[in-house]
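See below for data.tsv, which holds TSV, C-alpha atoms.
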```tsv
chain	number	residue	atom	x	y	z
K	1	MET	CA	0.00	0.00	0.00
K	2	ARG	CA	1.27	3.48	-0.87
K	3	PRO	CA	2.32	5.75	2.03
K	4	GLN	CA	-0.12	8.47	0.87
K	5	VAL	CA	-3.04	6.06	0.96
K	6	LEU	CA	-1.90	4.86	4.35
K	7	ALA	CA	-1.78	8.46	5.60
K	8	VAL	CA	-5.30	9.13	4.31
K	9	PHE	CA	-6.56	6.02	6.09
K	10	GLY	CA	-4.75	7.06	9.27
K	11	VAL	CA	-6.26	10.54	9.28
K	12	ALA	CA	-9.74	9.22	8.44
K	13	PHE	CA	-9.51	6.60	11.16
K	14	LEU	CA	-8.31	9.16	13.73
K	15	ALA	CA	-11.09	11.60	12.76
K	16	MET	CA	-13.66	8.83	13.06
K	17	ALA	CA	-12.32	7.81	16.48
K	18	VAL	CA	-12.44	11.40	17.78
K	19	PHE	CA	-15.92	11.95	16.35
K	20	LEU	CA	-17.39	8.73	17.74
K	21	GLY	CA	-15.61	9.20	21.06
K	22	SER	CA	-17.00	12.69	21.54
K	23	LEU	CA	-20.51	11.51	20.69
K	24	ILE	CA	-20.28	8.64	23.16
K	25	ILE	CA	-19.01	10.98	25.90
K	26	LEU	CA	-21.83	13.42	25.14
K	27	ARG	CA	-24.37	10.62	25.38
K	28	MET	CA	-22.91	9.36	28.68
K	29	LYS	CA	-23.14	12.89	30.08
K	30	ASN	CA	-26.78	13.10	29.00
K	31	GLU	CA	-27.66	9.79	30.60
K	32	THR	CA	-25.97	10.47	33.91
K	33	GLY	CA	-27.74	13.80	34.41
K	34	LEU	CA	-30.55	12.90	36.78
K	35	GLY	CA	-31.86	16.18	38.03
K	36	ALA	CA	-34.73	17.08	40.25
K	37	THR	CA	-37.71	19.05	39.00
K	38	GLU	CA	-38.24	22.54	40.35
K	39	ILE	CA	-40.89	25.19	39.86
K	40	VAL	CA	-39.32	28.56	39.10
K	41	SER	CA	-42.54	30.53	38.67
K	42	LEU	CA	-46.25	29.78	38.67
K	43	GLN	CA	-49.17	31.86	37.48
K	44	SER	CA	-52.85	31.00	37.12
K	45	PHE	CA	-54.80	32.79	34.39
K	46	HIS	CA	-58.25	31.62	35.39
K	47	PRO	CA	-59.97	33.88	37.95
K	48	SER	CA	-61.51	31.00	39.90
K	49	ILE	CA	-58.59	28.59	39.79
K	50	LYS	CA	-55.83	28.73	42.34
K	51	ALA	CA	-52.46	27.17	41.53
K	52	THR	CA	-50.11	25.93	44.22
K	53	SER	CA	-47.05	23.75	43.94
K	54	PHE	CA	-45.29	21.35	46.25
K	55	HIS	CA	-42.54	18.82	46.09
K	56	SER	CA	-43.51	15.33	47.13
K	57	ARG	CA	-40.49	13.78	48.80
K	58	GLU	CA	-41.93	10.30	49.14
K	59	GLY	CA	-43.19	10.32	45.59
K	60	ALA	CA	-40.14	12.17	44.17
K	61	ALA	CA	-42.33	14.31	41.97
K	62	MET	CA	-43.16	17.96	41.56
K	63	VAL	CA	-46.86	18.69	41.74
K	64	ILE	CA	-48.88	21.70	40.66
K	65	TRP	CA	-52.27	21.55	42.30
K	66	LEU	CA	-55.10	23.40	40.61
K	67	SER	CA	-58.15	24.02	42.73
K	68	GLY	CA	-61.18	26.25	42.73
K	69	ASP	CA	-64.95	26.38	42.88
K	70	GLY	CA	-65.34	26.11	39.14
K	71	TRP	CA	-62.64	23.49	38.75
K	72	VAL	CA	-64.75	20.40	38.32
K	73	MET	CA	-65.31	18.66	35.00
K	74	SER	CA	-68.96	18.27	34.21
K	75	ASN	CA	-68.54	16.79	30.72
K	76	PRO	CA	-67.41	13.19	30.59
K	77	LEU	CA	-64.04	12.68	28.97
K	78	LEU	CA	-64.05	8.93	28.95
K	79	PRO	CA	-65.41	7.34	25.79
A	80	MET	CA	-2.99	-4.76	-7.81
A	81	GLY	CA	-1.94	-2.65	-4.83
A	82	ASP	CA	-4.29	0.14	-5.93
A	83	VAL	CA	-7.25	-2.24	-6.11
A	84	GLU	CA	-6.51	-3.45	-2.57
A	85	SER	CA	-6.23	0.16	-1.39
A	86	ILE	CA	-9.60	1.02	-2.91
A	87	ILE	CA	-11.21	-2.04	-1.34
A	88	ALA	CA	-9.70	-1.18	2.05
A	89	MET	CA	-10.83	2.45	1.72
A	90	LYS	CA	-14.36	1.34	0.89
A	91	LYS	CA	-14.30	-0.91	3.95
A	92	TYR	CA	-13.29	2.00	6.21
A	93	LEU	CA	-15.90	4.26	4.66
A	94	CYS	CA	-18.59	1.63	5.27
A	95	LEU	CA	-17.44	1.34	8.89
A	96	LEU	CA	-17.56	5.13	9.29
A	97	ILE	CA	-21.09	5.33	7.86
A	98	LEU	CA	-22.25	2.42	10.00
A	99	GLY	CA	-20.75	4.03	13.10
A	100	CYS	CA	-22.53	7.29	12.38
A	101	CYS	CA	-25.82	5.44	11.79
A	102	PHE	CA	-25.58	3.79	15.20
A	103	VAL	CA	-24.28	6.71	17.25
A	104	LEU	CA	-26.15	9.70	15.81
A	105	PRO	CA	-29.64	8.49	16.82
A	106	LEU	CA	-28.35	7.74	20.32
A	107	GLN	CA	-27.14	11.30	20.65
A	108	ALA	CA	-30.38	12.78	19.26
A	109	ALA	CA	-32.43	15.28	21.24
A	110	ASP	CA	-34.46	14.15	24.24
A	111	GLN	CA	-38.18	13.67	24.13
A	112	ILE	CA	-40.82	15.05	26.41
A	113	TRP	CA	-43.79	12.85	27.19
A	114	GLY	CA	-47.13	14.37	28.12
A	115	ALA	CA	-50.14	12.44	29.29
A	116	LEU	CA	-53.63	12.86	30.66
A	117	VAL	CA	-54.50	10.33	33.34
A	118	PHE	CA	-57.70	9.72	35.29
A	119	GLY	CA	-57.14	8.59	38.86
A	120	VAL	CA	-59.95	6.85	40.72
A	121	ASP	CA	-60.50	4.29	43.48
A	122	GLU	CA	-61.88	1.04	42.15
A	123	SER	CA	-62.53	-2.29	43.77
A	124	PRO	CA	-60.68	-4.36	42.74
A	125	PRO	CA	-57.98	-1.99	41.39
A	126	LYS	CA	-57.39	-2.21	37.65
A	127	THR	CA	-53.93	-2.75	36.15
A	128	PRO	CA	-52.88	0.40	34.29
A	129	GLU	CA	-51.36	0.59	30.84
A	130	THR	CA	-47.66	-0.22	30.62
A	131	GLN	CA	-46.66	3.43	30.17
A	132	VAL	CA	-48.33	4.36	33.46
A	133	ILE	CA	-46.83	1.51	35.52
A	134	PRO	CA	-43.42	3.22	36.09
A	135	LEU	CA	-45.29	6.31	37.31
A	136	LEU	CA	-47.34	4.48	39.93
A	137	LYS	CA	-44.57	4.93	42.52
A	138	HIS	CA	-45.13	8.68	42.11
A	139	LEU	CA	-48.88	8.72	41.47
A	140	ILE	CA	-50.05	6.58	44.39
A	141	PRO	CA	-48.26	8.51	47.19
A	142	VAL	CA	-49.23	11.88	45.73
A	143	PHE	CA	-52.85	11.31	44.71
A	144	GLY	CA	-53.83	8.24	46.71
A	145	PHE	CA	-56.02	6.56	44.07
A	146	ASN	CA	-55.55	2.86	43.37
A	147	THR	CA	-56.41	2.90	39.66
A	148	TYR	CA	-55.09	5.17	36.88
A	149	TYR	CA	-56.50	5.23	33.36
A	150	LEU	CA	-54.41	6.67	30.56
A	151	LEU	CA	-56.78	8.92	28.59
A	152	GLY	CA	-54.23	10.43	26.24
A	153	LYS	CA	-50.52	10.65	25.60
A	154	LYS	CA	-48.10	12.36	23.26
A	155	LYS	CA	-44.35	12.47	22.75
A	156	GLN	CA	-42.46	15.39	21.35
A	157	ARG	CA	-38.77	15.92	20.67
A	158	ILE	CA	-37.34	18.98	22.42
A	159	LYS	CA	-34.19	20.98	22.19
A	160	GLU	CA	-33.05	24.37	23.37
A	161	GLY	CA	-34.86	27.25	21.69
A	162	ASP	CA	-37.81	25.12	20.53
A	163	GLU	CA	-41.41	26.16	20.89
A	164	THR	CA	-43.92	23.39	20.46
A	165	TRP	CA	-47.42	22.17	21.24
A	166	LEU	CA	-47.86	18.94	23.13
A	167	VAL	CA	-51.40	17.65	22.84
A	168	PRO	CA	-52.03	14.50	24.89
A	169	ALA	CA	-55.80	15.10	24.72
A	170	LYS	CA	-57.95	17.63	22.90
A	171	GLU	CA	-59.39	18.93	26.18
A	172	PHE	CA	-56.01	19.60	27.79
A	173	TYR	CA	-52.77	20.44	26.08
A	174	PHE	CA	-49.46	22.20	26.64
A	175	HIS	CA	-47.60	24.97	24.87
A	176	LEU	CA	-43.91	24.42	25.60
A	177	PHE	CA	-40.98	26.78	25.23
A	178	CYS	CA	-37.61	25.14	25.80
A	179	LEU	CA	-35.63	27.99	27.35
A	180	ALA	CA	-32.42	26.12	28.05
A	181	ARG	CA	-30.89	22.68	28.19
A	182	GLU	CA	-29.07	22.41	31.48
A	183	LYS	CA	-26.72	19.68	32.60
A	184	ASP	CA	-29.39	17.56	34.26
A	185	ALA	CA	-32.67	19.21	33.32
A	186	TYR	CA	-34.61	21.22	30.78
A	187	ARG	CA	-35.67	24.73	31.66
A	188	LEU	CA	-39.15	25.09	30.21
A	189	ARG	CA	-41.93	27.63	30.10
A	190	ILE	CA	-45.13	25.63	30.16
A	191	GLU	CA	-48.58	26.94	29.37
A	192	LEU	CA	-51.53	24.68	30.08
A	193	TYR	CA	-54.67	25.08	28.01
A	194	ARG	CA	-58.12	23.66	28.59
A	195	ASP	CA	-59.95	23.78	25.27
A	196	LYS	CA	-58.76	27.17	23.99
A	197	GLU	CA	-58.41	28.83	27.37
A	198	LYS	CA	-55.00	29.34	28.93
A	199	ILE	CA	-55.26	28.26	32.54
A	200	LEU	CA	-51.73	28.18	33.78
A	201	ALA	CA	-48.23	29.38	32.98
A	202	THR	CA	-45.21	28.13	34.79
A	203	GLU	CA	-41.46	28.09	34.43
A	204	VAL	CA	-40.02	24.74	35.40
A	205	ARG	CA	-36.69	23.00	35.60
A	206	LEU	CA	-37.82	19.57	34.44
A	207	GLY	CA	-35.32	16.99	35.65
A	208	ARG	CA	-34.98	13.54	34.19
A	209	SER	CA	-35.54	11.78	37.48
A	210	GLU	CA	-38.79	13.48	38.43
A	211	PRO	CA	-42.00	13.97	36.50
A	212	LEU	CA	-44.19	17.03	36.81
A	213	PHE	CA	-47.79	16.38	37.76
A	214	VAL	CA	-50.59	18.88	37.34
A	215	ALA	CA	-53.59	17.95	39.45
A	216	GLY	CA	-56.52	18.91	37.28
A	217	PRO	CA	-60.26	19.01	37.93
A	218	GLU	CA	-62.27	16.42	39.74
A	219	TRP	CA	-64.40	14.25	37.54
A	220	GLY	CA	-66.79	11.62	38.80
A	221	ASP	CA	-65.23	10.02	41.86
A	222	GLY	CA	-61.72	10.70	40.66
A	223	LYS	CA	-59.37	13.35	39.39
A	224	LEU	CA	-57.76	14.25	36.10
A	225	ILE	CA	-53.98	14.43	36.22
A	226	LEU	CA	-51.61	15.82	33.63
A	227	ILE	CA	-48.07	14.49	33.47
A	228	LEU	CA	-44.91	15.83	31.88
A	229	ARG	CA	-41.64	13.95	31.94
A	230	VAL	CA	-38.35	13.84	30.05
A	231	LEU	CA	-37.67	10.54	28.32
```
Output the file's structure in the form of C-alpha cells.
Amino acid sequence: MRPQVLAVFGVAFLAMAVFLGSLIILRMKNETGLGATEIVSLQSFHPSIKATSFHSREGAAMVIWLSGDGWVMSNPLLP
Amino acid sequence: MGDVESIIAMKKYLCLLILGCCFVLPLQAADQIWGALVFGVDESPPKTPETQVIPLLKHLIPVFGFNTYYLLGKKKQRIKEGDETWLVPAKEFYFHLFCLAREKDAYRLRIELYRDKEKILATEVRLGRSEPLFVAGPEWGDGKLILILRVL
C-alpha cells in the first residue's frame, strides 16, 4: 500500500475515532444527568382557579395543584 | 494490484464510518418530552394500568392516593433548546412548551396549560430527568384528572 493512501486512512480513522468518542461521551453525560424538578414561577390565568405547587419527597415528583370552585369537570371525557 | 486493494480497504473503512454514524447519531439525538392525561380513581378491585403508566405508579399513588389510573391520552415530542412546540395529549387539555435552556441535568421550560382554547396556567419549570411534573386537574366523577410531563 502506498504511504499516501496509508496516511489518508490514518487521518480518516483518527477523525472517526475522535468523532465517535465525543458523541459517546456526550451521550454518557446526557444519561448520567438525573436532576430534580423545580418550579421557578407559577401563574394561574383563570380567575376562579388557584395554583399551588409542592414537592412530594416520598413520591419524588413535583406537583402543581389546581383548585377552585369552578374546577370540576362536568362533561365526561371517557369514551 | 496494490491500488485495487487500497480502494477495497478504503471502501471498507468508509462503510465502517457510515455504520458508526448510523448507530451513534440516533443515540445522541435530542431528548423527548412525554405528556399524558390520566384519570385517577378508586376502584374495587384496582385495575392494572397501561404499561406506560406503571413506572409512574410509585409517584402517582403517594401523591394522589387513588388505586387505579387510566391513561386517557398521551403524546411524545422531541425537544431541544430554543424550541417552541405544542404537546397535545388530549384535545381537552394540552401544553404549549418553550424550551428555554438545556441544562446539565434538566430542561428549563416555560409551560402553558390550556383547557380547550383557554390558557389556565403558565409556569417556568426546571424539568429533571428523574422526576416527572404532575398537574392535578379538575375532579371528575369520583376521581381526578392528572396531567403528566416527563423527560424521556
Would you mind listing what lies within 8 Å of Leu231 of chain A as a PDB file with C-alpha atoms, in the coordinates of the input, with all atoms listed in the file counted and same-chain residues fewer than 4 positions away left out?
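Ended up saving to out.pdb:
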```
ATOM      1  CA  ASP A 110     -34.460  14.150  24.240  1.00  0.00           C
ATOM      2  CA  GLN A 111     -38.180  13.670  24.130  1.00  0.00           C
ATOM      3  CA  ILE A 112     -40.820  15.050  26.410  1.00  0.00           C
ATOM      4  CA  TRP A 113     -43.790  12.850  27.190  1.00  0.00           C
ATOM      5  CA  ARG A 208     -34.980  13.540  34.190  1.00  0.00           C
TER       6      ARG A 208
END
```
* One decimal, Å: what's the distance from atom CA of Lys153 of chain A over to atom CA of Tyr173 of chain A, could you say? =>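 If I compute the distance from atom CA of Lys153 of chain A to atom CA of Tyr173 of chain A, I get 10.1 Å.
Within 6 Å of chain A, counting all atoms listed in the file, chain K contributes Met1, Arg27, Gly33, Leu34, Gly35, Ala36, Thr37, Glu38, Ile39, Val40, Ser41, Leu42, Gln43, Ser44, Phe45, His46, Gly59, Ala61, Met62, Val63, Ile64, Trp65, Leu66, Trp71, Val72 and Met73 of chain K.
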* To do: Could you give me, as an MDAnalysis selection string, the residues that have an atom at most 8 Å away from the point (-61.5, 31.0, 42.7) in the coordinates of the file, using all atoms listed in the file?
  => chainID K and resid 47:50 67:70
* To do: Record the distance separating atom CA of Pro168 of chain A and atom CA of Arg194 of chain A, expressed in Å with one decimal.
  =>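 Separation of atom CA of Pro168 of chain A and atom CA of Arg194 of chain A: 11.6 Å.
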* By how many Å are atom CA of Arg157 of chain A and atom CA of Leu20 of chain K apart? ->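 Going from atom CA of Arg157 of chain A over to atom CA of Leu20 of chain K covers 22.7 Å.
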* **Nearest residue to Ser123 of chain A from the set A:Phe145, A:Lys196, A:Lys154, A:Arg181 (distances using all atoms listed in the file)** =>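 Closest to Ser123 of chain A, using all atoms listed in the file: A:Phe145.
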Expected file for segment 39-75 of chain K keeping N, CA and C atoms, as a PDB file, in the first residue's frame:
```pdb
ATOM      1  N   ILE K  39     -40.021  24.139  40.415  1.00  0.00           N
ATOM      2  CA  ILE K  39     -40.893  25.186  39.858  1.00  0.00           C
ATOM      3  C   ILE K  39     -40.196  26.527  40.069  1.00  0.00           C
ATOM      4  N   VAL K  40     -39.972  27.245  39.011  1.00  0.00           N
ATOM      5  CA  VAL K  40     -39.323  28.558  39.102  1.00  0.00           C
ATOM      6  C   VAL K  40     -40.380  29.647  39.292  1.00  0.00           C
ATOM      7  N   SER K  41     -41.443  29.566  38.519  1.00  0.00           N
ATOM      8  CA  SER K  41     -42.542  30.533  38.670  1.00  0.00           C
ATOM      9  C   SER K  41     -43.857  29.850  38.325  1.00  0.00           C
ATOM     10  N   LEU K  42     -44.927  30.407  38.853  1.00  0.00           N
ATOM     11  CA  LEU K  42     -46.246  29.781  38.674  1.00  0.00           C
ATOM     12  C   LEU K  42     -47.316  30.864  38.643  1.00  0.00           C
ATOM     13  N   GLN K  43     -48.152  30.823  37.626  1.00  0.00           N
ATOM     14  CA  GLN K  43     -49.169  31.855  37.482  1.00  0.00           C
ATOM     15  C   GLN K  43     -50.444  31.231  36.926  1.00  0.00           C
ATOM     16  N   SER K  44     -51.568  31.501  37.601  1.00  0.00           N
ATOM     17  CA  SER K  44     -52.845  30.999  37.119  1.00  0.00           C
ATOM     18  C   SER K  44     -53.541  32.113  36.339  1.00  0.00           C
ATOM     19  N   PHE K  45     -54.139  31.777  35.207  1.00  0.00           N
ATOM     20  CA  PHE K  45     -54.801  32.791  34.386  1.00  0.00           C
ATOM     21  C   PHE K  45     -56.311  32.768  34.560  1.00  0.00           C
ATOM     22  N   HIS K  46     -56.799  31.741  35.208  1.00  0.00           N
ATOM     23  CA  HIS K  46     -58.247  31.620  35.386  1.00  0.00           C
ATOM     24  C   HIS K  46     -58.642  32.264  36.714  1.00  0.00           C
ATOM     25  N   PRO K  47     -59.652  33.157  36.714  1.00  0.00           N
ATOM     26  CA  PRO K  47     -59.968  33.882  37.953  1.00  0.00           C
ATOM     27  C   PRO K  47     -60.396  32.984  39.109  1.00  0.00           C
ATOM     28  N   SER K  48     -61.005  31.837  38.805  1.00  0.00           N
ATOM     29  CA  SER K  48     -61.511  31.003  39.903  1.00  0.00           C
ATOM     30  C   SER K  48     -60.607  29.796  40.204  1.00  0.00           C
ATOM     31  N   ILE K  49     -59.478  29.729  39.547  1.00  0.00           N
ATOM     32  CA  ILE K  49     -58.591  28.587  39.791  1.00  0.00           C
ATOM     33  C   ILE K  49     -57.312  29.048  40.478  1.00  0.00           C
ATOM     34  N   LYS K  50     -57.032  28.403  41.583  1.00  0.00           N
ATOM     35  CA  LYS K  50     -55.825  28.731  42.344  1.00  0.00           C
ATOM     36  C   LYS K  50     -54.763  27.664  42.058  1.00  0.00           C
ATOM     37  N   ALA K  51     -53.551  28.119  41.808  1.00  0.00           N
ATOM     38  CA  ALA K  51     -52.459  27.168  41.531  1.00  0.00           C
ATOM     39  C   ALA K  51     -51.448  27.205  42.663  1.00  0.00           C
ATOM     40  N   THR K  52     -51.161  26.041  43.204  1.00  0.00           N
ATOM     41  CA  THR K  52     -50.106  25.929  44.217  1.00  0.00           C
ATOM     42  C   THR K  52     -49.183  24.790  43.803  1.00  0.00           C
ATOM     43  N   SER K  53     -47.970  24.836  44.297  1.00  0.00           N
ATOM     44  CA  SER K  53     -47.051  23.752  43.944  1.00  0.00           C
ATOM     45  C   SER K  53     -46.372  23.215  45.188  1.00  0.00           C
ATOM     46  N   PHE K  54     -46.046  21.949  45.148  1.00  0.00           N
ATOM     47  CA  PHE K  54     -45.293  21.346  46.255  1.00  0.00           C
ATOM     48  C   PHE K  54     -44.440  20.206  45.720  1.00  0.00           C
ATOM     49  N   HIS K  55     -43.437  19.903  46.476  1.00  0.00           N
ATOM     50  CA  HIS K  55     -42.543  18.821  46.089  1.00  0.00           C
ATOM     51  C   HIS K  55     -42.827  17.620  46.977  1.00  0.00           C
ATOM     52  N   SER K  56     -43.197  16.521  46.353  1.00  0.00           N
ATOM     53  CA  SER K  56     -43.513  15.334  47.129  1.00  0.00           C
ATOM     54  C   SER K  56     -42.244  14.518  47.326  1.00  0.00           C
ATOM     55  N   ARG K  57     -41.758  14.482  48.541  1.00  0.00           N
ATOM     56  CA  ARG K  57     -40.491  13.776  48.804  1.00  0.00           C
ATOM     57  C   ARG K  57     -40.674  12.263  48.664  1.00  0.00           C
ATOM     58  N   GLU K  58     -41.748  11.747  49.212  1.00  0.00           N
ATOM     59  CA  GLU K  58     -41.931  10.298  49.142  1.00  0.00           C
ATOM     60  C   GLU K  58     -42.212   9.838  47.710  1.00  0.00           C
ATOM     61  N   GLY K  59     -42.869  10.699  46.963  1.00  0.00           N
ATOM     62  CA  GLY K  59     -43.189  10.320  45.592  1.00  0.00           C
ATOM     63  C   GLY K  59     -42.144  10.764  44.600  1.00  0.00           C
ATOM     64  N   ALA K  60     -41.183  11.601  45.041  1.00  0.00           N
ATOM     65  CA  ALA K  60     -40.144  12.167  44.172  1.00  0.00           C
ATOM     66  C   ALA K  60     -40.756  12.754  42.909  1.00  0.00           C
ATOM     67  N   ALA K  61     -41.687  13.658  43.107  1.00  0.00           N
ATOM     68  CA  ALA K  61     -42.328  14.309  41.972  1.00  0.00           C
ATOM     69  C   ALA K  61     -42.678  15.735  42.345  1.00  0.00           C
ATOM     70  N   MET K  62     -42.722  16.590  41.342  1.00  0.00           N
ATOM     71  CA  MET K  62     -43.163  17.965  41.562  1.00  0.00           C
ATOM     72  C   MET K  62     -44.632  18.033  41.163  1.00  0.00           C
ATOM     73  N   VAL K  63     -45.414  18.682  41.990  1.00  0.00           N
ATOM     74  CA  VAL K  63     -46.860  18.688  41.744  1.00  0.00           C
ATOM     75  C   VAL K  63     -47.377  20.121  41.711  1.00  0.00           C
ATOM     76  N   ILE K  64     -48.131  20.426  40.690  1.00  0.00           N
ATOM     77  CA  ILE K  64     -48.884  21.697  40.655  1.00  0.00           C
ATOM     78  C   ILE K  64     -50.333  21.313  40.897  1.00  0.00           C
ATOM     79  N   TRP K  65     -50.906  21.910  41.922  1.00  0.00           N
ATOM     80  CA  TRP K  65     -52.267  21.549  42.303  1.00  0.00           C
ATOM     81  C   TRP K  65     -53.203  22.683  41.921  1.00  0.00           C
ATOM     82  N   LEU K  66     -54.127  22.392  41.034  1.00  0.00           N
ATOM     83  CA  LEU K  66     -55.097  23.403  40.611  1.00  0.00           C
ATOM     84  C   LEU K  66     -56.403  23.156  41.351  1.00  0.00           C
ATOM     85  N   SER K  67     -56.914  24.191  41.969  1.00  0.00           N
ATOM     86  CA  SER K  67     -58.151  24.024  42.726  1.00  0.00           C
ATOM     87  C   SER K  67     -59.005  25.282  42.601  1.00  0.00           C
ATOM     88  N   GLY K  68     -60.281  25.113  42.822  1.00  0.00           N
ATOM     89  CA  GLY K  68     -61.185  26.252  42.735  1.00  0.00           C
ATOM     90  C   GLY K  68     -62.616  25.791  42.647  1.00  0.00           C
ATOM     91  N   ASP K  69     -63.519  26.721  42.890  1.00  0.00           N
ATOM     92  CA  ASP K  69     -64.946  26.378  42.885  1.00  0.00           C
ATOM     93  C   ASP K  69     -65.403  25.861  41.522  1.00  0.00           C
ATOM     94  N   GLY K  70     -64.894  26.488  40.481  1.00  0.00           N
ATOM     95  CA  GLY K  70     -65.336  26.109  39.142  1.00  0.00           C
ATOM     96  C   GLY K  70     -64.480  25.027  38.512  1.00  0.00           C
ATOM     97  N   TRP K  71     -63.636  24.412  39.307  1.00  0.00           N
ATOM     98  CA  TRP K  71     -62.639  23.494  38.747  1.00  0.00           C
ATOM     99  C   TRP K  71     -63.091  22.043  38.890  1.00  0.00           C
ATOM    100  N   VAL K  72     -64.230  21.758  38.324  1.00  0.00           N
ATOM    101  CA  VAL K  72     -64.755  20.397  38.316  1.00  0.00           C
ATOM    102  C   VAL K  72     -65.239  20.124  36.893  1.00  0.00           C
ATOM    103  N   MET K  73     -64.877  18.988  36.367  1.00  0.00           N
ATOM    104  CA  MET K  73     -65.312  18.663  35.004  1.00  0.00           C
ATOM    105  C   MET K  73     -66.731  18.129  35.035  1.00  0.00           C
ATOM    106  N   SER K  74     -67.590  18.765  34.261  1.00  0.00           N
ATOM    107  CA  SER K  74     -68.957  18.266  34.208  1.00  0.00           C
ATOM    108  C   SER K  74     -69.160  17.361  32.988  1.00  0.00           C
ATOM    109  N   ASN K  75     -68.376  17.606  31.936  1.00  0.00           N
ATOM    110  CA  ASN K  75     -68.540  16.791  30.719  1.00  0.00           C
ATOM    111  C   ASN K  75     -67.664  15.547  30.796  1.00  0.00           C
TER     112      ASN K  75
END
```
